[in-house]
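Below: the structure, in structure tokens.
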Amino acid sequence: MAGNLKDKEAYQRLNYLHQAAHCVLAQNTSNDALARFYSFTQRTIAKRLVLRQDPSVKRTLCKKCCSLLIPGVTATCRQRRKGRRTRFTVVRCLSCGQTKSFLNDPGHCLWVDKPEAQLENQVQPGERSYLIILSSVITASREVGAAEASLC
Amino acid sequence: MWVNLFVALILENKSKKEAEAFAHAFIAGSMKGTRAGSAEETLARKAVVLEYSREKQLGRSRRRSSKRRSQCGKPLSAGEKRRLKVFDIKPEHQRYELFLPLHDLWKQYIMSICNGLRPGSSPQLVQQKLLKADFHGAILTVVRSKCPSYVGTTGILVQEFKHIFKLITKEDRLKVIPKNNSVFAVEVNGFVSHIYGSKFEYRASERSAKKFKVKGSIDL
């Protein structure tokens, strides 16, 4: 699967842009404009080529102003409570004030981490087509039966 | 004194210069409520509780439409981007040495794209790869141009827009060079490739989805 990835260059480019944004921020933490520009480019490329980005990448970008969210540098990270039990991790972007909140649920598992998200664990396409053929045969025979009944 | 404290905290895994730069930026960021430039003075005189204060100047435009917009996280419109100067690099960050690590990163990226770039590899293949590659961080030189004063400008490409390249030269100047009617050279490990700017007038993000056609050009 990894051998013949379709948009390999595009993925490499996304990777480079993400790293470049981190690199620029590491040089000077107040140079968020350039990091934002790279993240913005990264997002538009992913949008144009319809590539899905990993949640770990997506959660470090601000939805509104596209800046990199690094807790303590460009974002604040707080724990908020709603009701008695439910707690959220709230990440607020320091440049535009947009918040993201994530539910603290230890049992939660991302779709990507689930075993059925992997390609080899999915239902085999051969089996499925066989089932479809079988069901179509059944419906066809039913129709024939109905036609015969109407003839009589 | 405060700066020294921060520097001591950060110094563990960074060089002193980097740590100092980080400390200054961090203090300036945490004290946005006070007047610009006076943060150090205030800190020197009295004890201040460092806390987060939201920026005031965005306030009015945000308040009007805040309820609807802030919840759904709509991206900024073009007008808002222009007003907030989202992508403008501040003059104090326009320094050549700040971008040298970016250039190193770019070299690694290009190497990985071209599978090592051996002298035997065919130029057509490499150029096909370069067309779809990213040029932020590359060292560009203007080889030919309709305007003679652009010729010979060398610098690290910082931002690429639809009609413009923004370069940082070794003299710490930010140069804005139009793509139209000029030819650029990119040098990767002794492999020099030319970019015809007139054929390259797309946004950086559009280029990766674009199909380029082989066509002769008359000008230049």
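Simple scheme: letters A, B, ... for chains in structure tokens order, numbers from 1 for residues in each chain, numbers from 1 for ligands in the order shown.
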With a cut-off of 6 Å, could you pull out the residues of chain A touching chain B and give me the nearest pair of atoms for each, distance in Å to one decimal, using only C-alpha atoms, ordered by chain and ascending number, as JSON lines?
{"residue": "A:Ser30", "atom": "CA", "partner": "B:Ala25", "partner_atom": "CA", "distance": 5.8}
{"residue": "A:Ala33", "atom": "CA", "partner": "B:Phe87", "partner_atom": "CA", "distance": 4.8}
{"residue": "A:Phe37", "atom": "CA", "partner": "B:Phe87", "partner_atom": "CA", "distance": 5.8}
{"residue": "A:Thr41", "atom": "CA", "partner": "B:Ser205", "partner_atom": "CA", "distance": 5.6}
{"residue": "A:Thr44", "atom": "CA", "partner": "B:Ser205", "partner_atom": "CA", "distance": 6.0}
{"residue": "A:Ile45", "atom": "CA", "partner": "B:Ser205", "partner_atom": "CA", "distance": 4.9}
{"residue": "A:Lys63", "atom": "CA", "partner": "B:Gly73", "partner_atom": "CA", "distance": 5.8}
{"residue": "A:Lys64", "atom": "CA", "partner": "B:Pro75", "partner_atom": "CA", "distance": 4.2}
Discussion item. Among region 127-190 of chain B, which ones does DSSP assign to helix (DSSP H, G or I) (computed from the backbone)? Answer as a count of residues only.
Written reply: 9
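All residues of protein, DNA or RNA that reach within 6 Å of Val91 (chain A), judged by only C-alpha atoms and not counting those fewer than 6 positions away in the chain, are Thr76, Cys77, Thr99 and Lys100 of chain A.
Secondary structure of region 57-88 of chain A, strand (DSSP E or B) only (DSSP, backbone atoms): Leu61, Leu68, Pro71, Ala75, Thr76, Cys77, Arg78, Gln79, Arg80, Arg81, Arg87 and Phe88 of chain A.
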Can I get the selected residues back with all heavy atoms, as a tab-separated table (two decimals), in the first residue's frame?
chain	number	residue	atom	x	y	z
A	61	LEU	N	-3.81	23.01	14.12
A	61	LEU	CA	-4.02	24.19	13.28
A	61	LEU	C	-5.30	24.88	13.72
A	61	LEU	O	-6.30	24.23	14.01
A	61	LEU	CB	-4.15	23.78	11.81
A	61	LEU	CG	-2.95	23.13	11.16
A	61	LEU	CD1	-3.25	22.83	9.72
A	61	LEU	CD2	-1.74	24.01	11.26
A	68	LEU	N	-0.38	27.81	13.71
A	68	LEU	CA	-0.01	26.61	14.44
A	68	LEU	C	-0.34	26.80	15.91
A	68	LEU	O	-0.01	27.82	16.48
A	68	LEU	CB	1.50	26.39	14.33
A	68	LEU	CG	2.06	25.44	13.31
A	68	LEU	CD1	3.53	25.29	13.56
A	68	LEU	CD2	1.38	24.11	13.39
A	71	PRO	N	0.79	24.85	22.65
A	71	PRO	CA	0.40	25.32	23.98
A	71	PRO	C	1.53	26.10	24.65
A	71	PRO	O	2.67	25.65	24.68
A	71	PRO	CB	0.10	24.03	24.74
A	71	PRO	CG	-0.24	23.05	23.69
A	71	PRO	CD	0.56	23.42	22.50
A	75	ALA	N	-0.86	29.31	21.86
A	75	ALA	CA	-2.19	28.91	22.32
A	75	ALA	C	-2.15	28.67	23.82
A	75	ALA	O	-1.10	28.40	24.39
A	75	ALA	CB	-2.63	27.64	21.61
A	76	THR	N	-3.33	28.81	24.44
A	76	THR	CA	-3.43	28.42	25.84
A	76	THR	C	-4.23	27.13	25.91
A	76	THR	O	-5.11	26.89	25.10
A	76	THR	CB	-4.13	29.48	26.68
A	76	THR	OG1	-5.40	29.74	26.08
A	76	THR	CG2	-3.34	30.74	26.77
A	77	CYS	N	-3.91	26.31	26.89
A	77	CYS	CA	-4.54	25.01	27.04
A	77	CYS	C	-5.14	24.96	28.44
A	77	CYS	O	-4.41	25.08	29.42
A	77	CYS	CB	-3.47	23.95	26.85
A	77	CYS	SG	-4.12	22.40	26.35
A	78	ARG	N	-6.46	24.83	28.54
A	78	ARG	CA	-7.11	24.85	29.85
A	78	ARG	C	-8.07	23.67	29.99
A	78	ARG	O	-8.59	23.18	29.00
A	78	ARG	CB	-7.91	26.14	30.02
A	78	ARG	CG	-7.07	27.39	29.99
A	78	ARG	CD	-6.32	27.57	31.29
A	78	ARG	NE	-5.54	28.77	31.28
A	78	ARG	CZ	-4.28	28.85	30.86
A	78	ARG	NH1	-3.67	27.79	30.38
A	78	ARG	NH2	-3.63	29.99	30.88
A	79	GLN	N	-8.32	23.31	31.25
A	79	GLN	CA	-9.32	22.28	31.53
A	79	GLN	C	-10.61	22.96	31.95
A	79	GLN	O	-10.59	23.80	32.84
A	79	GLN	CB	-8.84	21.35	32.65
A	79	GLN	CG	-7.59	20.56	32.32
A	79	GLN	CD	-7.82	19.58	31.19
A	79	GLN	OE1	-8.85	18.95	31.13
A	79	GLN	NE2	-6.84	19.48	30.31
A	80	ARG	N	-11.71	22.64	31.31
A	80	ARG	CA	-13.01	23.22	31.66
A	80	ARG	C	-13.96	22.10	32.02
A	80	ARG	O	-13.81	20.97	31.57
A	80	ARG	CB	-13.58	24.00	30.46
A	80	ARG	CG	-12.82	25.23	30.13
A	80	ARG	CD	-13.22	26.40	31.03
A	80	ARG	NE	-12.08	27.22	31.40
A	80	ARG	CZ	-11.48	28.07	30.58
A	80	ARG	NH1	-11.90	28.23	29.37
A	80	ARG	NH2	-10.44	28.77	30.99
A	81	ARG	N	-14.95	22.47	32.86
A	81	ARG	CA	-15.91	21.45	33.27
A	81	ARG	C	-17.31	21.85	32.86
A	81	ARG	O	-17.66	23.01	32.83
A	81	ARG	CB	-15.84	21.29	34.79
A	81	ARG	CG	-16.44	20.00	35.24
A	81	ARG	CD	-15.91	19.62	36.55
A	81	ARG	NE	-16.08	20.68	37.54
A	81	ARG	CZ	-15.69	20.55	38.79
A	81	ARG	NH1	-15.11	19.46	39.18
A	81	ARG	NH2	-15.87	21.52	39.64
A	87	ARG	N	-15.44	16.75	31.41
A	87	ARG	CA	-14.39	17.76	31.37
A	87	ARG	C	-13.88	17.88	29.95
A	87	ARG	O	-13.84	16.90	29.20
A	87	ARG	CB	-13.22	17.37	32.27
A	87	ARG	CG	-13.52	17.53	33.74
A	87	ARG	CD	-12.54	16.73	34.54
A	87	ARG	NE	-13.04	16.49	35.88
A	87	ARG	CZ	-12.80	17.31	36.89
A	87	ARG	NH1	-12.08	18.38	36.72
A	87	ARG	NH2	-13.27	17.04	38.08
A	88	PHE	N	-13.48	19.10	29.61
A	88	PHE	CA	-12.98	19.36	28.27
A	88	PHE	C	-11.58	19.94	28.35
A	88	PHE	O	-11.25	20.63	29.31
A	88	PHE	CB	-13.86	20.38	27.56
A	88	PHE	CG	-15.24	19.89	27.27
A	88	PHE	CD1	-16.27	20.06	28.18
A	88	PHE	CD2	-15.52	19.24	26.08
A	88	PHE	CE1	-17.53	19.60	27.91
A	88	PHE	CE2	-16.78	18.78	25.81
A	88	PHE	CZ	-17.79	18.96	26.71
Practice prompt. Can you work out which one of A:Cys62, A:Arg43, A:Gln27, A:Lys114 has the shortest atom-to-atom distance to Glu20 (chain B), counting only C-alpha atoms?
Written response: A:Gln27
Discussion item. Taking 4 positions as the minimum chain separation for residues in the same chain, which residues sit within 9 Å of Lys170 (chain B) when counting only C-alpha atoms? Answer as a list in words.
Written reply: Arg95, Tyr96, Glu97, Thr154, Gly155 and Ile156 of chain B
Can you write just those residues out, N, CA and C atoms, as a short mmCIF file (atom, residue, chain, number, x, y, z; two decimals), in the first residue's frame?
data_model
loop_
_atom_site.label_atom_id
_atom_site.label_comp_id
_atom_site.auth_asym_id
_atom_site.auth_seq_id
_atom_site.Cartn_x
_atom_site.Cartn_y
_atom_site.Cartn_z
N ARG B 95 15.49 38.83 8.89
CA ARG B 95 16.94 38.65 9.02
C ARG B 95 17.33 37.38 8.33
N TYR B 96 18.44 37.44 7.62
CA TYR B 96 18.85 36.31 6.77
C TYR B 96 19.13 35.08 7.60
N GLU B 97 19.79 35.25 8.75
CA GLU B 97 20.23 34.06 9.49
C GLU B 97 19.07 33.32 10.13
N THR B 154 19.85 37.68 -5.25
CA THR B 154 19.88 36.32 -4.70
C THR B 154 19.31 36.35 -3.29
N GLY B 155 18.51 35.35 -2.97
CA GLY B 155 17.98 35.31 -1.61
C GLY B 155 17.17 34.06 -1.35
N ILE B 156 16.81 33.88 -0.08
CA ILE B 156 15.98 32.76 0.31
C ILE B 156 14.52 33.13 0.07
#
Worksheet item: Taking only C-alpha atoms into account, which of B:Ala138, B:Leu174, B:Val126, B:Leu157 comes nearest Asp104 (chain B)?
Response: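 Using only C-alpha atoms, Asp104 (chain B) sits closest to B:Ala138.
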Discussion item. I'd like the interatomic distance between CA of Thr153 (chain B) and CA of Thr169 (chain B), to a tenth of an Å.
Written reply: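 Rounded to one decimal, the two atoms are 7.5 Å apart.
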